[in-house]
Every structure is written in structure tokens, then in C-alpha cells.
Amino acid sequence: MSIVNLTEQAKQHMATMLKEHNKPAIRLGLKGGGCAGFKYEWSLEDNINKEDEQIKIENGLFVVDPASVMYLLGTTIDYKKEVFGSYFDIKSPNATSSCGCGESVGF
């Protein structure tokens, strides 16, 4: 069982990003900050640590650093396309608060 559930839309978009940028992994982590306490931090990665949680996707991996695992356990990540933009929609059952823009969360 994975710590994070990626929808098919999220997997497809991540696979496209990896191919376009010629990177082996997409990383999601949490850093202190943002208006709700923690800020989601996305990056395209060349380096994958053996301690990282890894989910195989087409063209590479989705990884989560060990420090973020306990906060992201049970999270669902979807990819949404709307008239004015597109974004990864993160739904965490562990979050106690979030900001209006969806970029930060409290635990």
C-alpha cells in the first residue's frame, strides 16, 4: 500500500512532466511556512534517496521525503484542469486547516 494515492490524471500529468524535463522523479515534501503552517514543496529531481517513499509512475517515480511521510499518509493527489489554469489538488485526511489557495496546510 502506498502512503499517497495518485489518481490516473495525476499520474498521467506527472509522467508528461518527467518526459518533458528529462528527470527521473517528481518530489513532494512539506516545509515550515505558508499561511497555514506548512507549505507543499514540489520539485523535479535528479537524485532519489533510498529512504524516500517511492511510487512508480510512467517515465519515472513520484517520491516523498521521510520527514513528510507522516503528514502525507492517506493523502490523495489529483490533477485538475480548469478554465483559468491547472493544478495538483491535494486532499490530506491529516490536515486540520488549509489556506484558500491550497498551497499550505496545518496539521
# chains A, B, ... in the order shown; residues from 1 in each chain; ligands from 1

call {"tool": "select_by_dssp", "arguments": {"residues": "chain A", "states": "helix (DSSP H, G or I)", "output": "list in words"}}
result
Glu8, Gln9, Ala10, Lys11, Gln12, His13, Met14, Ala15, Thr16, Met17, Leu18, Lys19, Glu20, His21, Pro66, Ala67, Ser68, Val69, Met70, Tyr71 and Leu72 of chain A

call {"tool": "closest_atom_pairs", "arguments": {"of": "region 27-63 of chain A", "to": "region 71-80 of chain A", "cutoff": "10 Å", "atoms": "only C-alpha atoms", "output": "CSV"}}
result
residue,atom,partner,partner_atom,distance
A:Leu28,CA,A:Leu72,CA,9.4
A:Gly29,CA,A:Leu72,CA,8.6
A:Leu30,CA,A:Tyr71,CA,8.2

call {"tool": "residues_around", "arguments": {"residues": "Lys56 (chain A)", "least_positions_apart": "5", "cutoff": "10 Å", "atoms": "only C-alpha atoms", "output": "list of chain:residue names"}}
result
A:Lys11, A:Ala25, A:Leu61, A:Phe62, A:Val63

call {"tool": "closest_residue", "arguments": {"among": "A:Ile48, A:Leu6, A:Val105, A:Leu18", "to": "Ser92 (chain A)", "atoms": "only C-alpha atoms"}}
result
A:Val105

call {"tool": "residues_around", "arguments": {"residues": "Lys19 (chain A)", "least_positions_apart": "2", "cutoff": "12 Å", "atoms": "only C-alpha atoms", "output": "VMD selection string"}}
result
chain A and resid 12 to 17 21 to 26 44 57 to 61

call {"tool": "closest_residue", "arguments": {"among": "A:Gly32, A:Val83, A:Ser2, A:Asp65", "to": "Phe107 (chain A)", "atoms": "only C-alpha atoms"}}
result
A:Gly32

call {"tool": "closest_residue", "arguments": {"among": "A:Gln54, A:Glu20, A:Ser68, A:Phe84", "to": "Lys39 (chain A)", "atoms": "only C-alpha atoms"}}
result
A:Ser68

call {"tool": "closest_residue", "arguments": {"among": "A:Ile90, A:Ile55, A:Gly37, A:Val4", "to": "Val69 (chain A)", "atoms": "only C-alpha atoms"}}
result
A:Val4

call {"tool": "closest_residue", "arguments": {"among": "A:Asn47, A:Pro93, A:Pro66, A:Tyr87", "to": "Asn5 (chain A)", "atoms": "only C-alpha atoms"}}
result
A:Pro93

call {"tool": "closest_residue", "arguments": {"among": "A:Ile3, A:Ser86, A:Asp52, A:Trp42", "to": "Met70 (chain A)", "atoms": "only C-alpha atoms"}}
result
A:Ile3

call {"tool": "atom_distance", "arguments": {"atom1": "CA of Ala67 (chain A)", "atom2": "CA of Glu51 (chain A)"}}
result
9.9 Å
